[in-house]
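Everything below belongs to input_21.pdb, which stores PDB, C-alpha atoms.
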```pdb
ATOM      1  CA  MET A 132       5.953  56.136  28.432
ATOM      2  CA  PRO A 133       7.095  56.865  32.011
ATOM      3  CA  GLU A 134       9.389  59.797  32.587
ATOM      4  CA  LEU A 135      11.275  58.122  35.418
ATOM      5  CA  SER A 136      12.196  54.495  36.114
ATOM      6  CA  ILE A 137      13.248  53.361  39.584
ATOM      7  CA  ILE A 138      15.319  50.158  39.518
ATOM      8  CA  LEU A 139      15.424  48.139  42.741
ATOM      9  CA  PRO A 140      17.353  44.837  42.991
ATOM     10  CA  PHE A 141      16.088  42.522  45.756
ATOM     11  CA  HIS A 142      17.730  39.482  47.310
ATOM     12  CA  ASN A 143      16.076  38.046  50.429
ATOM     13  CA  GLU A 144      14.845  41.454  51.565
ATOM     14  CA  SER A 145      11.146  40.888  52.083
ATOM     15  CA  SER A 146      11.218  42.116  55.693
ATOM     16  CA  GLY A 147      12.170  45.667  54.702
ATOM     17  CA  ALA A 148      10.247  45.937  51.411
ATOM     18  CA  ALA A 149       7.060  47.390  52.934
ATOM     19  CA  LEU A 150       8.980  50.205  54.652
ATOM     20  CA  LEU A 151      10.880  50.915  51.426
ATOM     21  CA  PHE A 152       7.685  51.423  49.428
ATOM     22  CA  GLU A 153       6.132  53.383  52.276
ATOM     23  CA  ARG A 154       8.931  55.954  51.963
ATOM     24  CA  LEU A 155       9.278  55.721  48.198
ATOM     25  CA  TYR A 156       5.673  56.502  47.167
ATOM     26  CA  PRO A 157       5.478  59.992  48.786
ATOM     27  CA  VAL A 158       8.817  61.002  47.247
ATOM     28  CA  LEU A 159       7.832  59.902  43.754
ATOM     29  CA  GLY A 160       4.388  61.460  44.123
ATOM     30  CA  SER A 161       5.928  64.832  44.984
ATOM     31  CA  LEU A 162       7.942  64.882  41.746
ATOM     32  CA  GLN A 163       4.836  65.178  39.557
ATOM     33  CA  LEU A 164       6.378  62.789  37.023
ATOM     34  CA  ASP A 165       4.997  59.623  35.477
ATOM     35  CA  TYR A 166       7.095  56.815  36.887
ATOM     36  CA  GLU A 167       7.559  53.067  37.038
ATOM     37  CA  ILE A 168       9.200  50.981  39.750
ATOM     38  CA  ILE A 169      11.098  47.998  38.376
ATOM     39  CA  CYS A 170      11.786  45.381  41.052
ATOM     40  CA  ILE A 171      14.354  42.713  40.234
ATOM     41  CA  ASP A 172      14.021  39.610  42.422
ATOM     42  CA  ASP A 173      17.538  38.226  42.099
ATOM     43  CA  GLY A 174      16.879  34.615  43.084
ATOM     44  CA  SER A 175      15.493  35.277  46.573
ATOM     45  CA  THR A 176      14.791  32.214  48.706
ATOM     46  CA  ASP A 177      12.382  33.941  51.109
ATOM     47  CA  ASN A 178       8.975  35.439  50.268
ATOM     48  CA  THR A 179      10.379  38.526  48.552
ATOM     49  CA  TYR A 180       8.532  37.751  45.324
ATOM     50  CA  ASP A 181       5.186  37.414  47.104
ATOM     51  CA  THR A 182       5.809  40.720  48.862
ATOM     52  CA  LEU A 183       6.506  42.405  45.540
ATOM     53  CA  ARG A 184       3.377  40.891  44.019
ATOM     54  CA  HIS A 185       1.396  42.357  46.900
ATOM     55  CA  GLU A 186       2.839  45.806  46.133
ATOM     56  CA  ARG A 187       1.936  45.428  42.468
ATOM     57  CA  ASP A 188      -1.643  44.613  43.433
ATOM     58  CA  LYS A 189      -1.738  47.975  45.220
ATOM     59  CA  ASP A 190       0.025  50.012  42.507
ATOM     60  CA  ARG A 191       0.243  48.857  38.896
ATOM     61  CA  ARG A 192       3.262  51.062  38.331
ATOM     62  CA  VAL A 193       5.243  48.455  40.262
ATOM     63  CA  LYS A 194       6.710  45.950  37.791
ATOM     64  CA  ILE A 195       8.495  42.745  38.712
ATOM     65  CA  VAL A 196      11.179  40.620  37.119
ATOM     66  CA  ARG A 197      11.965  37.321  38.807
ATOM     67  CA  MET A 198      15.334  35.927  37.782
ATOM     68  CA  ALA A 199      15.855  32.193  37.370
ATOM     69  CA  ARG A 200      18.504  32.147  40.116
ATOM     70  CA  ASN A 201      20.825  34.522  41.914
ATOM     71  CA  PHE A 202      22.952  36.042  39.152
ATOM     72  CA  GLY A 203      24.374  38.832  41.308
ATOM     73  CA  LYS A 204      23.696  42.511  41.757
ATOM     74  CA  GLU A 205      25.523  43.605  38.613
ATOM     75  CA  ALA A 206      23.361  41.342  36.458
ATOM     76  CA  ALA A 207      20.227  42.525  38.288
ATOM     77  CA  LEU A 208      21.085  46.153  37.564
ATOM     78  CA  ALA A 209      21.767  45.321  33.914
ATOM     79  CA  CYS A 210      18.379  43.597  33.759
ATOM     80  CA  GLY A 211      16.649  46.624  35.259
ATOM     81  CA  LEU A 212      18.272  49.007  32.784
ATOM     82  CA  HIS A 213      17.225  46.725  29.939
ATOM     83  CA  PHE A 214      13.574  46.933  30.967
ATOM     84  CA  ALA A 215      13.575  50.619  31.935
ATOM     85  CA  LYS A 216      11.432  52.732  29.619
ATOM     86  CA  GLY A 217      11.752  56.083  31.365
ATOM     87  CA  HIS A 218      13.483  59.189  30.070
ATOM     88  CA  ALA A 219      15.768  58.654  33.057
ATOM     89  CA  ALA A 220      16.404  55.809  35.486
ATOM     90  CA  ILE A 221      17.563  55.723  39.090
ATOM     91  CA  THR A 222      19.333  52.631  40.398
ATOM     92  CA  MET A 223      19.405  52.172  44.158
ATOM     93  CA  ASP A 224      19.598  49.513  46.853
ATOM     94  CA  SER A 225      16.388  48.146  48.307
ATOM     95  CA  ASP A 226      17.618  47.912  51.914
ATOM     96  CA  LEU A 227      17.052  51.655  52.584
ATOM     97  CA  GLN A 228      20.745  52.401  52.976
ATOM     98  CA  HIS A 229      20.095  54.608  49.960
ATOM     99  CA  PRO A 230      17.414  56.999  51.281
ATOM    100  CA  PRO A 231      14.522  57.532  48.829
ATOM    101  CA  GLU A 232      14.369  61.214  49.835
ATOM    102  CA  ALA A 233      17.630  61.821  47.937
ATOM    103  CA  ILE A 234      15.747  61.094  44.696
ATOM    104  CA  ARG A 235      14.417  64.659  44.716
ATOM    105  CA  GLU A 236      17.940  66.089  44.465
ATOM    106  CA  LEU A 237      18.902  63.619  41.745
ATOM    107  CA  VAL A 238      15.883  64.584  39.650
ATOM    108  CA  GLN A 239      16.552  68.298  40.192
ATOM    109  CA  LYS A 240      20.133  67.885  38.944
ATOM    110  CA  TRP A 241      18.728  66.018  35.941
ATOM    111  CA  HIS A 242      16.346  68.882  35.189
ATOM    112  CA  ASP A 243      19.326  71.233  35.433
ATOM    113  CA  GLY A 244      21.016  69.384  32.573
ATOM    114  CA  GLY A 245      22.942  66.538  34.176
ATOM    115  CA  GLN A 246      22.947  63.215  32.347
ATOM    116  CA  LEU A 247      24.775  61.067  34.912
ATOM    117  CA  ILE A 248      24.262  62.118  38.506
ATOM    118  CA  TYR A 249      26.035  60.188  41.256
ATOM    119  CA  ALA A 250      24.704  60.047  44.808
ATOM    120  CA  VAL A 251      27.880  60.217  46.905
ATOM    121  CA  ARG A 252      27.884  59.191  50.554
ATOM    122  CA  ARG A 253      29.071  61.817  52.993
ATOM    123  CA  ASN A 254      30.563  59.351  55.435
ATOM    124  CA  ARG A 255      30.959  55.655  56.185
ATOM    125  CA  LYS A 256      29.411  55.516  59.636
ATOM    126  CA  GLY A 257      28.507  52.032  60.764
ATOM    127  CA  GLU A 258      31.273  50.348  58.768
ATOM    128  CA  ASN A 259      34.213  48.734  60.521
ATOM    129  CA  PHE A 260      37.698  50.193  60.266
ATOM    130  CA  ILE A 261      39.039  47.558  57.861
ATOM    131  CA  TYR A 262      36.142  48.038  55.434
ATOM    132  CA  ARG A 263      36.581  51.838  55.464
ATOM    133  CA  MET A 264      40.307  51.593  54.815
ATOM    134  CA  PHE A 265      39.756  49.057  52.059
ATOM    135  CA  ALA A 266      37.141  51.275  50.360
ATOM    136  CA  ARG A 267      39.398  54.332  50.472
ATOM    137  CA  ALA A 268      42.320  52.343  49.116
ATOM    138  CA  PHE A 269      40.192  50.990  46.276
ATOM    139  CA  TYR A 270      39.008  54.417  45.142
ATOM    140  CA  ALA A 271      42.542  55.813  45.429
ATOM    141  CA  VAL A 272      44.020  53.002  43.321
ATOM    142  CA  PHE A 273      41.151  53.062  40.830
ATOM    143  CA  ARG A 274      41.557  56.812  40.231
ATOM    144  CA  ARG A 275      45.235  56.387  39.468
ATOM    145  CA  ILE A 276      45.326  53.328  37.236
ATOM    146  CA  ALA A 277      41.879  52.990  35.635
ATOM    147  CA  GLU A 278      40.703  54.494  32.366
ATOM    148  CA  VAL A 279      37.684  56.093  34.065
ATOM    149  CA  LYS A 280      37.171  58.223  37.154
ATOM    150  CA  ILE A 281      34.592  57.418  39.835
ATOM    151  CA  PRO A 282      33.900  59.929  42.627
ATOM    152  CA  GLU A 283      34.981  58.569  46.009
ATOM    153  CA  GLY A 284      31.937  57.356  47.885
ATOM    154  CA  ALA A 285      29.898  56.805  44.727
ATOM    155  CA  GLY A 286      28.112  53.500  44.347
ATOM    156  CA  ASP A 287      25.094  52.120  42.538
ATOM    157  CA  PHE A 288      22.844  54.975  43.697
ATOM    158  CA  CYS A 289      22.721  57.227  40.655
ATOM    159  CA  LEU A 290      20.496  58.733  37.975
ATOM    160  CA  LEU A 291      21.073  57.923  34.312
ATOM    161  CA  ASP A 292      19.568  59.909  31.479
ATOM    162  CA  ARG A 293      18.033  57.988  28.583
ATOM    163  CA  ILE A 294      21.109  58.551  26.440
ATOM    164  CA  VAL A 295      23.307  57.045  29.179
ATOM    165  CA  ILE A 296      20.931  54.084  29.629
ATOM    166  CA  ASP A 297      21.065  53.296  25.912
ATOM    167  CA  ALA A 298      24.857  53.580  25.908
ATOM    168  CA  VAL A 299      25.261  51.210  28.880
ATOM    169  CA  ASN A 300      22.779  48.736  27.375
ATOM    170  CA  ALA A 301      24.842  48.692  24.176
ATOM    171  CA  LEU A 302      27.964  47.483  26.005
ATOM    172  CA  PRO A 303      28.401  43.742  25.375
ATOM    173  CA  GLU A 304      30.720  42.579  28.152
ATOM    174  CA  ARG A 305      29.718  39.870  30.620
ATOM    175  CA  ASN A 306      32.055  40.853  33.462
ATOM    176  CA  ARG A 307      30.113  43.963  34.395
ATOM    177  CA  PHE A 308      31.354  46.517  36.897
ATOM    178  CA  MET A 309      28.402  48.889  36.697
ATOM    179  CA  LYS A 310      30.015  51.803  38.517
ATOM    180  CA  GLY A 311      32.806  51.764  35.980
ATOM    181  CA  LEU A 312      30.589  51.189  32.954
ATOM    182  CA  VAL A 313      28.280  54.130  33.600
ATOM    183  CA  SER A 314      31.320  56.334  34.132
ATOM    184  CA  TRP A 315      33.101  55.024  31.025
ATOM    185  CA  VAL A 316      30.307  56.057  28.625
ATOM    186  CA  GLY A 317      30.827  59.696  29.595
ATOM    187  CA  PHE A 318      28.234  62.508  29.158
ATOM    188  CA  ARG A 319      27.535  65.408  31.522
ATOM    189  CA  ARG A 320      28.030  64.481  35.169
ATOM    190  CA  ASP A 321      27.049  65.878  38.518
ATOM    191  CA  THR A 322      26.824  64.695  42.120
ATOM    192  CA  VAL A 323      24.582  64.944  45.156
ATOM    193  CA  THR A 324      25.461  63.829  48.669
ATOM    194  CA  PHE A 325      23.555  61.688  51.140
ATOM    195  CA  ASP A 326      23.991  60.010  54.510
ATOM    196  CA  VAL A 327      23.970  56.222  54.563
ATOM    197  CA  GLU A 328      21.164  54.902  56.740
ATOM    198  CA  PRO A 329      21.023  51.646  58.719
ATOM    199  CA  ARG A 330      20.118  48.572  56.718
ATOM    200  CA  GLN A 331      16.435  47.610  56.936
ATOM    201  CA  GLY A 332      15.749  43.914  56.467
ATOM    202  CA  GLY A 333      17.910  41.136  55.116
ATOM    203  CA  ALA A 334      21.625  40.691  55.642
ATOM    204  CA  SER A 335      24.537  41.666  53.476
ATOM    205  CA  SER A 336      26.050  38.807  51.495
ATOM    206  CA  TRP A 337      29.306  40.719  51.058
ATOM    207  CA  ASN A 338      32.311  39.653  53.094
ATOM    208  CA  PHE A 339      35.885  40.882  52.858
ATOM    209  CA  PHE A 340      36.986  38.263  50.314
ATOM    210  CA  ARG A 341      33.977  38.896  48.056
ATOM    211  CA  LEU A 342      34.687  42.617  48.222
ATOM    212  CA  LEU A 343      38.330  41.980  47.380
ATOM    213  CA  ARG A 344      37.285  39.911  44.380
ATOM    214  CA  PHE A 345      34.796  42.571  43.307
ATOM    215  CA  ALA A 346      37.487  45.250  43.575
ATOM    216  CA  PHE A 347      39.861  43.270  41.384
ATOM    217  CA  ASP A 348      37.061  42.699  38.857
ATOM    218  CA  GLY A 349      36.624  46.455  38.650
ATOM    219  CA  LEU A 350      40.343  47.142  38.295
ATOM    220  CA  SER A 351      40.892  44.433  35.692
ATOM    221  CA  ALA A 352      37.888  45.619  33.668
ATOM    222  CA  PHE A 353      39.275  49.128  33.242
ATOM    223  CA  SER A 354      43.041  48.792  33.491
ATOM    224  CA  THR A 355      45.796  46.565  32.149
ATOM    225  CA  LEU A 356      48.315  47.956  34.638
ATOM    226  CA  PRO A 357      48.314  44.760  36.779
ATOM    227  CA  LEU A 358      49.676  42.934  33.723
ATOM    228  CA  ARG A 359      52.258  45.615  32.983
ATOM    229  CA  ILE A 360      53.504  45.461  36.560
ATOM    230  CA  TRP A 361      54.899  41.992  35.936
ATOM    231  CA  THR A 362      56.651  43.145  32.778
ATOM    232  CA  TRP A 363      58.369  45.849  34.787
ATOM    233  CA  SER A 364      59.065  43.462  37.636
ATOM    234  CA  GLY A 365      60.622  40.951  35.233
ATOM    235  CA  ALA A 366      62.805  43.664  33.721
ATOM    236  CA  LEU A 367      63.886  44.867  37.173
ATOM    237  CA  VAL A 368      64.785  41.356  38.342
ATOM    238  CA  SER A 369      66.648  40.696  35.088
ATOM    239  CA  PHE A 370      68.760  43.843  35.501
ATOM    240  CA  ALA A 371      69.425  42.935  39.123
ATOM    241  CA  ALA A 372      70.479  39.418  38.099
ATOM    242  CA  LEU A 373      72.760  40.833  35.400
ATOM    243  CA  GLY A 374      74.370  43.168  37.899
ATOM    244  CA  TYR A 375      74.865  40.339  40.352
ATOM    245  CA  ALA A 376      76.398  38.166  37.605
ATOM    246  CA  LEU A 377      78.907  40.905  36.761
ATOM    247  CA  TYR A 378      79.738  41.212  40.453
ATOM    248  CA  LEU A 379      80.404  37.454  40.707
ATOM    249  CA  ILE A 380      82.640  37.510  37.643
ATOM    250  CA  LEU A 381      84.719  40.376  39.013
ATOM    251  CA  ASP A 382      84.861  38.796  42.468
ATOM    252  CA  THR A 383      86.069  35.505  40.983
ATOM    253  CA  LEU A 384      88.760  37.200  38.850
ATOM    254  CA  LEU A 385      90.071  39.249  41.757
ATOM    255  CA  TYR A 386      89.737  36.886  44.733
ATOM    256  CA  GLY A 387      89.269  33.429  43.267
ATOM    257  CA  VAL A 388      86.381  31.021  43.628
ATOM    258  CA  ASP A 389      84.534  31.280  46.906
ATOM    259  CA  VAL A 390      82.346  28.571  48.427
ATOM    260  CA  PRO A 391      78.742  29.423  47.416
ATOM    261  CA  GLY A 392      76.215  29.875  50.204
ATOM    262  CA  PHE A 393      73.218  27.579  50.371
ATOM    263  CA  ALA A 394      71.040  30.255  51.996
ATOM    264  CA  SER A 395      71.563  32.847  49.255
ATOM    265  CA  VAL A 396      70.812  30.282  46.540
ATOM    266  CA  MET A 397      67.589  29.192  48.218
ATOM    267  CA  VAL A 398      66.452  32.789  48.763
ATOM    268  CA  GLY A 399      67.039  33.579  45.100
ATOM    269  CA  ILE A 400      65.195  30.474  43.913
ATOM    270  CA  LEU A 401      62.233  31.013  46.210
ATOM    271  CA  PHE A 402      61.976  34.719  45.368
ATOM    272  CA  LEU A 403      62.040  34.172  41.608
ATOM    273  CA  GLY A 404      59.687  31.180  41.890
ATOM    274  CA  GLY A 405      57.188  33.217  43.869
ATOM    275  CA  LEU A 406      57.440  36.094  41.388
ATOM    276  CA  GLN A 407      56.766  33.739  38.482
ATOM    277  CA  LEU A 408      53.749  32.179  40.195
ATOM    278  CA  LEU A 409      52.299  35.615  40.973
ATOM    279  CA  SER A 410      52.731  36.746  37.379
ATOM    280  CA  LEU A 411      51.159  33.533  36.063
ATOM    281  CA  GLY A 412      48.249  33.994  38.460
ATOM    282  CA  MET A 413      47.682  37.546  37.252
ATOM    283  CA  ILE A 414      47.758  36.416  33.629
ATOM    284  CA  GLY A 415      45.348  33.613  34.547
ATOM    285  CA  GLU A 416      42.886  36.133  36.043
ATOM    286  CA  TYR A 417      42.797  38.125  32.818
ATOM    287  CA  LEU A 418      42.626  34.951  30.747
ATOM    288  CA  ALA A 419      39.619  33.770  32.760
ATOM    289  CA  ARG A 420      37.830  37.003  31.866
ATOM    290  CA  VAL A 421      38.674  36.519  28.206
ATOM    291  CA  ILE A 422      37.198  33.004  28.342
ATOM    292  CA  THR A 423      34.017  34.364  29.943
ATOM    293  CA  GLU A 424      33.629  36.946  27.181
ATOM    294  CA  VAL A 425      34.313  34.402  24.444
ATOM    295  CA  LYS A 426      31.636  32.054  25.789
ATOM    296  CA  ALA A 427      29.136  34.919  25.399
ATOM    297  CA  ARG A 428      26.643  33.403  27.823
ATOM    298  CA  PRO A 429      23.616  35.553  28.686
ATOM    299  CA  LEU A 430      23.980  37.735  31.761
ATOM    300  CA  TYR A 431      20.812  36.271  33.294
ATOM    301  CA  PHE A 432      17.670  34.259  32.667
ATOM    302  CA  ILE A 433      14.192  35.372  33.653
ATOM    303  CA  ALA A 434      11.760  32.970  35.329
ATOM    304  CA  GLU A 435       8.753  35.334  35.541
ATOM    305  CA  ARG A 436       7.890  38.928  34.848
ATOM    306  CA  ASP A 437       4.808  40.919  35.690
ATOM    307  CA  GLY A 438       3.796  44.312  34.311
ATOM    308  CA  PHE A 439       5.724  44.275  31.042
ATOM    309  CA  GLU A 440       4.478  43.906  27.523
ATOM    310  CA  ALA A 441       5.203  40.601  25.831
TER     311      ALA A 441
END
```
Using structure tokens, write down the structure from this file.
Amino acid sequence: MPELSIILPFHNESSGAALLFERLYPVLGSLQLDYEIICIDDGSTDNTYDTLRHERDKDRRVKIVRMARNFGKEAALACGLHFAKGHAAITMDSDLQHPPEAIRELVQKWHDGGQLIYAVRRNRKGENFIYRMFARAFYAVFRRIAEVKIPEGAGDFCLLDRIVIDAVNALPERNRFMKGLVSWVGFRRDTVTFDVEPRQGGASSWNFFRLLRFAFDGLSAFSTLPLRIWTWSGALVSFAALGYALYLILDTLLYGVDVPGFASVMVGILFLGGLQLLSLGMIGEYLARVITEVKARPLYFIAERDGFEA
């Protein structure tokens, strides 16, 4: 049984894979731990799988899972944790933005008693202004309304003790926000810091709208506040309407019937109509997640795997 499992999701990143392993092997060798490297090919359309097979030919501790199609990074991470046999597992990106050298600090914190150790980025150099502001806003909102707390700057680069791995694997939901799930299970936590490095190979498939969707998935998975907002909004509008109705009654009794204004009527109708559509849309988002859970479809399907027992 390996002591440490390294989980690497790949998606069209064959050009940087060789450099990744070139930096990863010396770090893992210096730890003096038995290890395995689990590579998840998440439906790549380039020669990523062939590159990984070449690495396995050189080192049998490299194990490969080829997914039937691109199921997304969250599913790939869930797949890697399912196959991990180590006493601890480290999940990290395969584009070298997560430097392999930080693994030493993660393992040291684990030896010191930590069970969930986050690697937290020191800065967001290289990201545009809008992305940085959006990330800060997300962490600020998530800390205030969600059931769990995630350190700002924490991502999928973290170490999970065996007890944390088993807890995360036991969670049944299909809409998986891994950063939130590993935090939700609890246990002893710690952090290390690292500097984000330039991406090596491949291109990010994340754009602003995908990030926005991902952020809402995370918020909706760990908070029902977006639903409660519309209850409060409805109550506020109802009280305002009641106050306005009382004002109209008094105005009519004191000054008689005035000619109603078309503009004020249209503003009221449009405002309330927009509020109703927004609330229905929010309810629909949560309902869609309920439908996904009820269907209970598998998170992923595996086309091939190499290095695992039957």
Compile the contact shell of range 238-252 of chain A as a PDB file with C-alpha atoms, in the coordinates of the input: residues with an atom at most 10 Å away, counting all atoms listed in the file, same-chain residues fewer than 5 positions apart removed.
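Result file is result-v8.pdb:
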```
ATOM      1  CA  LEU A 135      11.275  58.122  35.418  1.00  0.00           C
ATOM      2  CA  LEU A 162       7.942  64.882  41.746  1.00  0.00           C
ATOM      3  CA  ALA A 219      15.768  58.654  33.057  1.00  0.00           C
ATOM      4  CA  ALA A 220      16.404  55.809  35.486  1.00  0.00           C
ATOM      5  CA  ILE A 221      17.563  55.723  39.090  1.00  0.00           C
ATOM      6  CA  MET A 223      19.405  52.172  44.158  1.00  0.00           C
ATOM      7  CA  HIS A 229      20.095  54.608  49.960  1.00  0.00           C
ATOM      8  CA  ALA A 233      17.630  61.821  47.937  1.00  0.00           C
ATOM      9  CA  ILE A 281      34.592  57.418  39.835  1.00  0.00           C
ATOM     10  CA  PRO A 282      33.900  59.929  42.627  1.00  0.00           C
ATOM     11  CA  GLU A 283      34.981  58.569  46.009  1.00  0.00           C
ATOM     12  CA  GLY A 284      31.937  57.356  47.885  1.00  0.00           C
ATOM     13  CA  ALA A 285      29.898  56.805  44.727  1.00  0.00           C
ATOM     14  CA  GLY A 286      28.112  53.500  44.347  1.00  0.00           C
ATOM     15  CA  ASP A 287      25.094  52.120  42.538  1.00  0.00           C
ATOM     16  CA  PHE A 288      22.844  54.975  43.697  1.00  0.00           C
ATOM     17  CA  CYS A 289      22.721  57.227  40.655  1.00  0.00           C
ATOM     18  CA  LEU A 290      20.496  58.733  37.975  1.00  0.00           C
ATOM     19  CA  LEU A 291      21.073  57.923  34.312  1.00  0.00           C
ATOM     20  CA  ASP A 292      19.568  59.909  31.479  1.00  0.00           C
ATOM     21  CA  ARG A 293      18.033  57.988  28.583  1.00  0.00           C
ATOM     22  CA  ILE A 294      21.109  58.551  26.440  1.00  0.00           C
ATOM     23  CA  VAL A 295      23.307  57.045  29.179  1.00  0.00           C
ATOM     24  CA  ILE A 296      20.931  54.084  29.629  1.00  0.00           C
ATOM     25  CA  LYS A 310      30.015  51.803  38.517  1.00  0.00           C
ATOM     26  CA  VAL A 313      28.280  54.130  33.600  1.00  0.00           C
ATOM     27  CA  SER A 314      31.320  56.334  34.132  1.00  0.00           C
ATOM     28  CA  VAL A 316      30.307  56.057  28.625  1.00  0.00           C
ATOM     29  CA  GLY A 317      30.827  59.696  29.595  1.00  0.00           C
ATOM     30  CA  PHE A 318      28.234  62.508  29.158  1.00  0.00           C
ATOM     31  CA  ARG A 319      27.535  65.408  31.522  1.00  0.00           C
ATOM     32  CA  ARG A 320      28.030  64.481  35.169  1.00  0.00           C
ATOM     33  CA  ASP A 321      27.049  65.878  38.518  1.00  0.00           C
ATOM     34  CA  THR A 322      26.824  64.695  42.120  1.00  0.00           C
ATOM     35  CA  VAL A 323      24.582  64.944  45.156  1.00  0.00           C
ATOM     36  CA  THR A 324      25.461  63.829  48.669  1.00  0.00           C
ATOM     37  CA  PHE A 325      23.555  61.688  51.140  1.00  0.00           C
ATOM     38  CA  ASP A 326      23.991  60.010  54.510  1.00  0.00           C
ATOM     39  CA  VAL A 327      23.970  56.222  54.563  1.00  0.00           C
TER      40      VAL A 327
END
```
Original post:
For the atom pair CA of Asp173 in chain A and CA of Asn201 in chain A, what is the interatomic distance in Å to one decimal place?
Top reply: 5.0 Å
Name the residues, using the chain letters and numbers of the file, that sit within 12 Å of (8.8, 49.0, 55.1) when counting all atoms listed in the file, and give them as a PDB file with C-alpha atoms, in the coordinates of the input.
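For reference, result-v5.pdb as written:
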```
ATOM      1  CA  GLU A 144      14.845  41.454  51.565  1.00  0.00           C
ATOM      2  CA  SER A 145      11.146  40.888  52.083  1.00  0.00           C
ATOM      3  CA  SER A 146      11.218  42.116  55.693  1.00  0.00           C
ATOM      4  CA  GLY A 147      12.170  45.667  54.702  1.00  0.00           C
ATOM      5  CA  ALA A 148      10.247  45.937  51.411  1.00  0.00           C
ATOM      6  CA  ALA A 149       7.060  47.390  52.934  1.00  0.00           C
ATOM      7  CA  LEU A 150       8.980  50.205  54.652  1.00  0.00           C
ATOM      8  CA  LEU A 151      10.880  50.915  51.426  1.00  0.00           C
ATOM      9  CA  PHE A 152       7.685  51.423  49.428  1.00  0.00           C
ATOM     10  CA  GLU A 153       6.132  53.383  52.276  1.00  0.00           C
ATOM     11  CA  ARG A 154       8.931  55.954  51.963  1.00  0.00           C
ATOM     12  CA  LEU A 155       9.278  55.721  48.198  1.00  0.00           C
ATOM     13  CA  TYR A 156       5.673  56.502  47.167  1.00  0.00           C
ATOM     14  CA  THR A 182       5.809  40.720  48.862  1.00  0.00           C
ATOM     15  CA  LEU A 183       6.506  42.405  45.540  1.00  0.00           C
ATOM     16  CA  GLU A 186       2.839  45.806  46.133  1.00  0.00           C
ATOM     17  CA  SER A 225      16.388  48.146  48.307  1.00  0.00           C
ATOM     18  CA  ASP A 226      17.618  47.912  51.914  1.00  0.00           C
ATOM     19  CA  LEU A 227      17.052  51.655  52.584  1.00  0.00           C
ATOM     20  CA  ARG A 330      20.118  48.572  56.718  1.00  0.00           C
ATOM     21  CA  GLN A 331      16.435  47.610  56.936  1.00  0.00           C
ATOM     22  CA  GLY A 332      15.749  43.914  56.467  1.00  0.00           C
TER      23      GLY A 332
END
```
Original post:
What separation in Å, quoted to one decimal, exists between CA of Thr423 in chain A and CA of Cys170 in chain A?
Top reply: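 Pair CA of Thr423 in chain A / CA of Cys170 in chain A returns 27.2 Å.
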Residues returned when the PyMOL selection byres ((chain A and resi 298-306) around 10) runs on this file, as a PDB file with C-alpha atoms, keeping the file's coordinate frame:
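Final output, saved to selection.pdb:
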```pdb
ATOM      1  CA  GLU A 205      25.523  43.605  38.613  1.00  0.00           C
ATOM      2  CA  ALA A 206      23.361  41.342  36.458  1.00  0.00           C
ATOM      3  CA  ALA A 209      21.767  45.321  33.914  1.00  0.00           C
ATOM      4  CA  CYS A 210      18.379  43.597  33.759  1.00  0.00           C
ATOM      5  CA  LEU A 212      18.272  49.007  32.784  1.00  0.00           C
ATOM      6  CA  HIS A 213      17.225  46.725  29.939  1.00  0.00           C
ATOM      7  CA  LEU A 291      21.073  57.923  34.312  1.00  0.00           C
ATOM      8  CA  ASP A 292      19.568  59.909  31.479  1.00  0.00           C
ATOM      9  CA  ARG A 293      18.033  57.988  28.583  1.00  0.00           C
ATOM     10  CA  ILE A 294      21.109  58.551  26.440  1.00  0.00           C
ATOM     11  CA  VAL A 295      23.307  57.045  29.179  1.00  0.00           C
ATOM     12  CA  ILE A 296      20.931  54.084  29.629  1.00  0.00           C
ATOM     13  CA  ASP A 297      21.065  53.296  25.912  1.00  0.00           C
ATOM     14  CA  ARG A 307      30.113  43.963  34.395  1.00  0.00           C
ATOM     15  CA  PHE A 308      31.354  46.517  36.897  1.00  0.00           C
ATOM     16  CA  MET A 309      28.402  48.889  36.697  1.00  0.00           C
ATOM     17  CA  LEU A 312      30.589  51.189  32.954  1.00  0.00           C
ATOM     18  CA  VAL A 313      28.280  54.130  33.600  1.00  0.00           C
ATOM     19  CA  SER A 314      31.320  56.334  34.132  1.00  0.00           C
ATOM     20  CA  TRP A 315      33.101  55.024  31.025  1.00  0.00           C
ATOM     21  CA  VAL A 316      30.307  56.057  28.625  1.00  0.00           C
ATOM     22  CA  GLY A 317      30.827  59.696  29.595  1.00  0.00           C
ATOM     23  CA  ASP A 348      37.061  42.699  38.857  1.00  0.00           C
ATOM     24  CA  GLY A 349      36.624  46.455  38.650  1.00  0.00           C
ATOM     25  CA  SER A 351      40.892  44.433  35.692  1.00  0.00           C
ATOM     26  CA  ALA A 352      37.888  45.619  33.668  1.00  0.00           C
ATOM     27  CA  ARG A 420      37.830  37.003  31.866  1.00  0.00           C
ATOM     28  CA  VAL A 421      38.674  36.519  28.206  1.00  0.00           C
ATOM     29  CA  THR A 423      34.017  34.364  29.943  1.00  0.00           C
ATOM     30  CA  GLU A 424      33.629  36.946  27.181  1.00  0.00           C
ATOM     31  CA  VAL A 425      34.313  34.402  24.444  1.00  0.00           C
ATOM     32  CA  LYS A 426      31.636  32.054  25.789  1.00  0.00           C
ATOM     33  CA  ALA A 427      29.136  34.919  25.399  1.00  0.00           C
ATOM     34  CA  ARG A 428      26.643  33.403  27.823  1.00  0.00           C
ATOM     35  CA  PRO A 429      23.616  35.553  28.686  1.00  0.00           C
ATOM     36  CA  LEU A 430      23.980  37.735  31.761  1.00  0.00           C
ATOM     37  CA  TYR A 431      20.812  36.271  33.294  1.00  0.00           C
TER      38      TYR A 431
END
```
**OP:** Can you pull out every residue within 9 Å of Asp165 in chain A, counting only C-alpha atoms, but drop anything in the same chain fewer than 3 positions away, and send it as a ChimeraX atom specification?
**Re:** /A:132-136,159-160,162,217
